[in-house]
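Remarks on the structure that follows.
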Amino acid sequence: MLQANQSTCALFVGTWVRDDTYPMYQSPECPIIDSEFNCQMNGRPDSDYLKYRWQPLNCQLPRFNGLEFLVKMKGKTVMFVGDSLGLNQWESLICMIHAAAPRTRTHMTRGDPLSTFKFLVSLRLDYGISVSFYRAPYLVDIDVVHGKRVLKLEDISGNGKSWLNADVLSFNTGHWWSHEGSLQGWDYMESMGTYYQDMDRLVALEKGLRTWANWVDNNIDRSKTRVFFQSISPTHYKLPSIMTDSTMFLNDIGSPSEWSAGSTSSTAKNCYGETAPMSGTTYPGAYPDQMRVVDAVIRDMHSPAYLLDITMLSELRKDGHPSIYSGDLNPKQKANPDRSADCSHWCLPGLPDTWNQLLYTALFY
């Protein structure tokens, strides 16, 4: 096997191939999957979307080994930080480990912003692994000033103090930066002491990401902590359209226009009814502008984070979203997929399992 950290192994360039040994777990066997991601439980009639694995062009991706993960990460903490795509991936990793060691004693605490699932003891083996999710959709802090939510583009200390002791940190952000109106998570932005009612969202994203990058460079001992940044997870909404269903206000589902420039698959129809991956080994359209921002910020870091570049391989999985098979939708909403389908999050089992397989490869190979 070509090692993941060698330039000869392009982990993130490849194609989806059918493999009937997948998925790596079944949803009824996993104790943590939220209803919004549990597509099979919510009546999704097809299952072929579960039977695909990612095949890099010039190397073999190792199959995830949950027991190996438990042994190698004994006594350590893995923390996902970001929005609900991070939650999606957090639940996926727990399911993948649990499937390999279902008799392991576990303990879970769920809260906001921090939730933690611990794998404790199995057959006299003391693992002591914590897998955590810290909800911070913008990574940078939001403070309430005179009753208004202020997104502080140069301040991350409030959130960051909770990340200091993790052994593996995986960050993501992106979707919330484009939300507008009732979906917007702030009332004002603050930059360099000036308050703004709005600004160019790519400019704001870059300011926030540079704050994050500086914090990582100045606060994380890279000899002890592995730092990853997960690239933008694509959406597959029909354009133009307007979503007004209540589910959009309850969850950080992406708006139809969210980071869609250059995503050709977003202009024809949404993800409803899709049952198989798109073919191809290149990004179908112009590479998204927000990923150019991510690339530039990480390149400028003193010690760059490992970029888990899942954007292209995820763009090809229009079939992997919950669509109308999300537990957050009522019957009326399910009957109107053009307005209600969730084409932002991902089914579990499903695509986030591949994200974690790539994380596993980057950690151990």
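Labeling convention for the structure tokens: chains A, B, ... as they appear, residues from 1 per chain, ligands from 1 in order of appearance.
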Worksheet entry | Those of region 112-355 of chain A in DSSP helix (DSSP H, G or I), formatted as number ranges by chain | A: 157-160, 175-178, 181-183, 201-219, 247-250, 264-266, 289-299, 311-315, 318-320, 331-334, 337-340, 351-355
Selection export as a compact mmCIF listing (two decimals), in the first residue's frame, atoms kept: C-alpha atoms:
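Now in result_18.txt:
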```
# COMPACT_ATOMS: atom_id res chain seq x y z
CA SER A 157 -10.73 32.32 22.70
CA GLY A 158 -14.15 31.50 24.14
CA ASN A 159 -14.55 28.40 22.01
CA GLY A 160 -10.86 27.56 21.79
CA HIS A 175 -22.34 26.42 5.48
CA TRP A 176 -23.41 28.96 8.08
CA TRP A 177 -21.37 31.78 6.57
CA SER A 178 -23.85 32.11 3.70
CA GLY A 181 -32.53 36.25 6.97
CA SER A 182 -34.02 34.01 9.63
CA LEU A 183 -31.33 31.36 9.05
CA ARG A 201 -19.41 36.57 3.00
CA LEU A 202 -16.20 35.21 1.46
CA VAL A 203 -14.30 38.09 3.07
CA ALA A 204 -15.93 37.28 6.40
CA LEU A 205 -15.13 33.57 5.98
CA GLU A 206 -11.47 34.38 5.31
CA LYS A 207 -11.24 36.65 8.35
CA GLY A 208 -12.76 33.96 10.56
CA LEU A 209 -10.54 31.22 9.14
CA ARG A 210 -7.39 33.29 9.61
CA THR A 211 -8.38 33.80 13.25
CA TRP A 212 -8.76 30.04 13.59
CA ALA A 213 -5.44 29.37 11.82
CA ASN A 214 -3.57 31.83 14.06
CA TRP A 215 -5.13 30.27 17.15
CA VAL A 216 -4.02 26.78 16.07
CA ASP A 217 -0.49 27.98 15.32
CA ASN A 218 -0.19 29.76 18.67
CA ASN A 219 -2.00 27.36 21.01
CA THR A 247 -37.18 22.44 9.21
CA MET A 248 -34.91 25.12 7.75
CA PHE A 249 -35.24 27.12 10.95
CA LEU A 250 -34.73 24.18 13.28
CA THR A 264 -23.19 22.26 -11.86
CA SER A 265 -25.24 19.53 -10.24
CA SER A 266 -27.07 22.12 -8.14
CA ASP A 289 -14.68 29.96 -4.33
CA GLN A 290 -14.90 29.17 -0.62
CA MET A 291 -12.48 26.26 -1.08
CA ARG A 292 -9.96 28.65 -2.62
CA VAL A 293 -10.21 30.64 0.63
CA VAL A 294 -9.69 27.48 2.71
CA ASP A 295 -6.68 26.46 0.61
CA ALA A 296 -5.06 29.90 0.90
CA VAL A 297 -5.53 30.12 4.67
CA ILE A 298 -4.12 26.65 5.35
CA ARG A 299 -1.13 27.27 3.08
CA THR A 311 -15.36 18.30 -1.52
CA MET A 312 -14.97 16.59 -4.90
CA LEU A 313 -15.67 13.03 -3.77
CA SER A 314 -18.75 14.29 -1.89
CA GLU A 315 -19.97 16.34 -4.86
CA LYS A 318 -25.89 13.45 -4.84
CA ASP A 319 -27.57 10.18 -3.84
CA GLY A 320 -26.26 10.28 -0.26
CA PRO A 331 -45.93 14.20 6.07
CA LYS A 332 -46.88 17.48 4.36
CA GLN A 333 -43.23 18.41 3.93
CA LYS A 334 -42.32 14.94 2.65
CA PRO A 337 -39.56 17.40 -1.94
CA ASP A 338 -38.76 20.44 -4.09
CA ARG A 339 -39.16 22.61 -1.01
CA SER A 340 -38.39 20.27 1.88
CA LEU A 351 -20.84 9.21 2.95
CA PRO A 352 -19.47 10.43 6.33
CA ASP A 353 -18.18 6.87 6.87
CA THR A 354 -15.83 7.49 3.93
CA TRP A 355 -14.75 10.80 5.46
```
Discussion item. List the spatial neighbours of Gly327 (chain A) as a VMD selection string - criterion: any atom at most 12 Å away, only C-alpha atoms, same-chain residues fewer than 6 positions off excluded.
Written reply: chain A and resid 33 to 44 247 251 333 to 334 340 to 342 347
What does the file look like for those residues with N, CA and C atoms, as an mmCIF file, in the first residue's frame?
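Here's the written file out.cif:
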```
data_model
loop_
_atom_site.group_PDB
_atom_site.id
_atom_site.type_symbol
_atom_site.label_atom_id
_atom_site.label_comp_id
_atom_site.auth_asym_id
_atom_site.auth_seq_id
_atom_site.Cartn_x
_atom_site.Cartn_y
_atom_site.Cartn_z
ATOM 1 N N ILE A 33 -27.370 7.399 16.205
ATOM 2 C CA ILE A 33 -27.753 8.123 14.990
ATOM 3 C C ILE A 33 -29.001 8.966 15.225
ATOM 4 N N ASP A 34 -28.891 10.266 14.972
ATOM 5 C CA ASP A 34 -30.043 11.156 15.078
ATOM 6 C C ASP A 34 -31.034 10.846 13.966
ATOM 7 N N SER A 35 -32.296 11.109 14.246
ATOM 8 C CA SER A 35 -33.355 10.807 13.284
ATOM 9 C C SER A 35 -33.142 11.531 11.960
ATOM 10 N N GLU A 36 -32.565 12.728 11.995
ATOM 11 C CA GLU A 36 -32.401 13.503 10.755
ATOM 12 C C GLU A 36 -31.422 12.842 9.789
ATOM 13 N N PHE A 37 -30.550 11.933 10.296
ATOM 14 C CA PHE A 37 -29.587 11.241 9.443
ATOM 15 C C PHE A 37 -29.978 9.785 9.187
ATOM 16 N N ASN A 38 -31.011 9.304 9.856
ATOM 17 C CA ASN A 38 -31.324 7.871 9.835
ATOM 18 C C ASN A 38 -32.307 7.554 8.709
ATOM 19 N N CYS A 39 -31.789 7.562 7.489
ATOM 20 C CA CYS A 39 -32.639 7.480 6.301
ATOM 21 C C CYS A 39 -33.393 6.149 6.207
ATOM 22 N N GLN A 40 -32.728 5.045 6.533
ATOM 23 C CA GLN A 40 -33.396 3.747 6.449
ATOM 24 C C GLN A 40 -34.543 3.653 7.453
ATOM 25 N N MET A 41 -34.336 4.132 8.649
ATOM 26 C CA MET A 41 -35.392 4.105 9.657
ATOM 27 C C MET A 41 -36.566 4.974 9.225
ATOM 28 N N ASN A 42 -36.283 6.028 8.471
ATOM 29 C CA ASN A 42 -37.329 6.951 8.045
ATOM 30 C C ASN A 42 -37.954 6.575 6.706
ATOM 31 N N GLY A 43 -37.690 5.338 6.260
ATOM 32 C CA GLY A 43 -38.436 4.817 5.127
ATOM 33 C C GLY A 43 -37.804 4.969 3.771
ATOM 34 N N ARG A 44 -36.517 5.300 3.702
ATOM 35 C CA ARG A 44 -35.898 5.371 2.373
ATOM 36 C C ARG A 44 -35.984 3.996 1.720
ATOM 37 N N THR A 247 -38.404 23.195 8.972
ATOM 38 C CA THR A 247 -37.177 22.438 9.211
ATOM 39 C C THR A 247 -35.944 23.281 8.961
ATOM 40 N N ASN A 251 -32.826 23.486 11.971
ATOM 41 C CA ASN A 251 -31.538 22.840 11.769
ATOM 42 C C ASN A 251 -30.689 23.676 10.845
ATOM 43 N N GLN A 333 -44.519 18.023 4.490
ATOM 44 C CA GLN A 333 -43.228 18.408 3.929
ATOM 45 C C GLN A 333 -42.664 17.307 3.040
ATOM 46 N N LYS A 334 -42.825 16.052 3.455
ATOM 47 C CA LYS A 334 -42.320 14.940 2.654
ATOM 48 C C LYS A 334 -43.009 14.864 1.295
ATOM 49 N N SER A 340 -38.699 20.783 0.552
ATOM 50 C CA SER A 340 -38.390 20.268 1.879
ATOM 51 C C SER A 340 -37.210 19.317 1.955
ATOM 52 N N ALA A 341 -36.744 18.782 0.823
ATOM 53 C CA ALA A 341 -35.688 17.776 0.865
ATOM 54 C C ALA A 341 -34.421 18.338 1.497
ATOM 55 N N ASP A 342 -33.819 17.561 2.397
ATOM 56 C CA ASP A 342 -32.536 17.915 2.996
ATOM 57 C C ASP A 342 -31.432 17.420 2.066
ATOM 58 N N CYS A 347 -26.949 10.784 4.880
ATOM 59 C CA CYS A 347 -27.492 9.609 5.550
ATOM 60 C C CYS A 347 -26.394 8.875 6.321
#
```
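Near region 68-79 of chain A, within 9 Å and counting only C-alpha atoms, sit Phe64, Trp90, Ile97, Ala101, Thr116, Phe119, Asp126, Tyr127, Gly128, Ile129, Ser130, Val131, Ser132, Phe133, Tyr134, Trp163, Asn165, Ala166, Asp167, Val168, Leu169, Ser170, Phe171, Tyr360 and Phe364 of chain A; same-chain residues fewer than 4 positions away were not included.
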Suppose we keep N, CA, C and O atoms; can you now write the selection as a JSON list (two decimals), in the first residue's frame?
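What ended up in selection-v4.json:
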```json
[["chain", "number", "residue", "atom", "x", "y", "z"],
["A", 64, "PHE", "N", -11.50, 0.57, 7.17],
["A", 64, "PHE", "CA", -11.51, 1.01, 8.57],
["A", 64, "PHE", "C", -11.53, -0.20, 9.50],
["A", 64, "PHE", "O", -12.34, -1.11, 9.34],
["A", 90, "TRP", "N", -19.17, 12.96, 13.44],
["A", 90, "TRP", "CA", -18.99, 12.45, 14.81],
["A", 90, "TRP", "C", -19.82, 11.19, 15.04],
["A", 90, "TRP", "O", -19.32, 10.18, 15.52],
["A", 97, "ILE", "N", -16.78, 2.58, 15.07],
["A", 97, "ILE", "CA", -16.03, 1.94, 16.16],
["A", 97, "ILE", "C", -16.93, 0.95, 16.90],
["A", 97, "ILE", "O", -16.52, -0.18, 17.21],
["A", 101, "ALA", "N", -16.66, -3.26, 18.05],
["A", 101, "ALA", "CA", -16.57, -3.69, 19.45],
["A", 101, "ALA", "C", -17.89, -3.42, 20.15],
["A", 101, "ALA", "O", -17.99, -2.59, 21.05],
["A", 116, "THR", "N", -19.99, 14.18, 24.23],
["A", 116, "THR", "CA", -18.87, 13.24, 24.28],
["A", 116, "THR", "C", -19.39, 11.81, 24.41],
["A", 116, "THR", "O", -20.29, 11.53, 25.21],
["A", 119, "PHE", "N", -15.64, 5.27, 24.88],
["A", 119, "PHE", "CA", -15.49, 3.82, 24.82],
["A", 119, "PHE", "C", -14.59, 3.43, 26.00],
["A", 119, "PHE", "O", -13.42, 3.83, 26.05],
["A", 126, "ASP", "N", -8.97, -1.90, 28.72],
["A", 126, "ASP", "CA", -9.35, -0.55, 29.10],
["A", 126, "ASP", "C", -8.96, 0.41, 27.98],
["A", 126, "ASP", "O", -7.79, 0.69, 27.79],
["A", 127, "TYR", "N", -9.96, 0.88, 27.21],
["A", 127, "TYR", "CA", -9.66, 1.75, 26.08],
["A", 127, "TYR", "C", -9.59, 3.22, 26.49],
["A", 127, "TYR", "O", -8.65, 3.93, 26.16],
["A", 128, "GLY", "N", -10.61, 3.69, 27.18],
["A", 128, "GLY", "CA", -10.61, 5.06, 27.65],
["A", 128, "GLY", "C", -10.53, 6.10, 26.55],
["A", 128, "GLY", "O", -9.85, 7.12, 26.68],
["A", 129, "ILE", "N", -11.23, 5.86, 25.44],
["A", 129, "ILE", "CA", -11.22, 6.80, 24.32],
["A", 129, "ILE", "C", -12.46, 7.70, 24.38],
["A", 129, "ILE", "O", -13.57, 7.21, 24.59],
["A", 130, "SER", "N", -12.25, 8.98, 24.18],
["A", 130, "SER", "CA", -13.36, 9.92, 24.10],
["A", 130, "SER", "C", -13.46, 10.44, 22.67],
["A", 130, "SER", "O", -12.46, 10.85, 22.07],
["A", 131, "VAL", "N", -14.68, 10.40, 22.12],
["A", 131, "VAL", "CA", -14.95, 10.98, 20.80],
["A", 131, "VAL", "C", -15.97, 12.09, 21.02],
["A", 131, "VAL", "O", -17.10, 11.82, 21.41],
["A", 132, "SER", "N", -15.55, 13.32, 20.79],
["A", 132, "SER", "CA", -16.37, 14.47, 21.15],
["A", 132, "SER", "C", -16.77, 15.29, 19.93],
["A", 132, "SER", "O", -16.09, 15.29, 18.90],
["A", 133, "PHE", "N", -17.87, 16.02, 20.10],
["A", 133, "PHE", "CA", -18.30, 17.00, 19.11],
["A", 133, "PHE", "C", -18.54, 18.31, 19.83],
["A", 133, "PHE", "O", -19.29, 18.38, 20.81],
["A", 134, "TYR", "N", -17.89, 19.37, 19.33],
["A", 134, "TYR", "CA", -18.07, 20.71, 19.89],
["A", 134, "TYR", "C", -18.73, 21.57, 18.83],
["A", 134, "TYR", "O", -18.16, 21.81, 17.76],
["A", 163, "TRP", "N", -10.84, 23.23, 23.36],
["A", 163, "TRP", "CA", -10.19, 22.35, 22.38],
["A", 163, "TRP", "C", -8.76, 22.00, 22.75],
["A", 163, "TRP", "O", -8.13, 21.16, 22.10],
["A", 165, "ASN", "N", -7.09, 20.30, 25.00],
["A", 165, "ASN", "CA", -6.58, 19.03, 25.51],
["A", 165, "ASN", "C", -6.87, 17.85, 24.59],
["A", 165, "ASN", "O", -6.59, 16.70, 24.97],
["A", 166, "ALA", "N", -7.40, 18.09, 23.41],
["A", 166, "ALA", "CA", -7.68, 16.99, 22.49],
["A", 166, "ALA", "C", -6.39, 16.49, 21.85],
["A", 166, "ALA", "O", -5.44, 17.25, 21.65],
["A", 167, "ASP", "N", -6.37, 15.20, 21.51],
["A", 167, "ASP", "CA", -5.21, 14.61, 20.84],
["A", 167, "ASP", "C", -5.37, 14.65, 19.32],
["A", 167, "ASP", "O", -4.39, 14.66, 18.58],
["A", 168, "VAL", "N", -6.61, 14.63, 18.86],
["A", 168, "VAL", "CA", -6.93, 14.79, 17.44],
["A", 168, "VAL", "C", -8.04, 15.81, 17.34],
["A", 168, "VAL", "O", -9.08, 15.68, 17.99],
["A", 169, "LEU", "N", -7.82, 16.86, 16.54],
["A", 169, "LEU", "CA", -8.84, 17.89, 16.31],
["A", 169, "LEU", "C", -9.18, 17.91, 14.83],
["A", 169, "LEU", "O", -8.30, 18.01, 13.98],
["A", 170, "SER", "N", -10.48, 17.81, 14.53],
["A", 170, "SER", "CA", -10.94, 17.90, 13.15],
["A", 170, "SER", "C", -11.96, 19.03, 13.05],
["A", 170, "SER", "O", -13.04, 18.95, 13.66],
["A", 171, "PHE", "N", -11.62, 20.08, 12.31],
["A", 171, "PHE", "CA", -12.46, 21.27, 12.22],
["A", 171, "PHE", "C", -13.22, 21.30, 10.89],
["A", 171, "PHE", "O", -12.74, 20.81, 9.87],
["A", 360, "TYR", "N", -8.98, 8.10, 9.25],
["A", 360, "TYR", "CA", -8.27, 6.92, 9.77],
["A", 360, "TYR", "C", -6.99, 6.66, 8.98],
["A", 360, "TYR", "O", -5.92, 6.41, 9.55],
["A", 364, "PHE", "N", -3.08, 6.86, 10.57],
["A", 364, "PHE", "CA", -2.34, 5.63, 10.85],
["A", 364, "PHE", "C", -1.49, 5.10, 9.70],
["A", 364, "PHE", "O", -0.72, 4.16, 9.89]]
```
Worksheet item: Using only C-alpha atoms, which of the listed residues (A:Thr275, A:Thr282, A:Ser92, A:Tyr49) sits closest to Cys30 (chain A)?
Response: A:Ser92
Worksheet item: For Ala99 (chain A), which residue among A:Pro234, A:Pro23, A:Gly350, A:Gly193 is the nearest when counting only C-alpha atoms?
Response: A:Pro23
Worksheet, complete the sentence: Counting only C-alpha atoms, the residue among A:Leu11, A:Ile232, A:Leu164, A:Ile32 that lies closest to Leu93 (chain A) is A:Ile32
Item to complete: Name all residues at most 8 Å from region 105-107 of chain A (count only C-alpha atoms; drop same-chain ones fewer than 4 positions away) and give them as JSON, numbers by chain.
Response: {"A": [117, 118, 119, 120, 121, 122]}
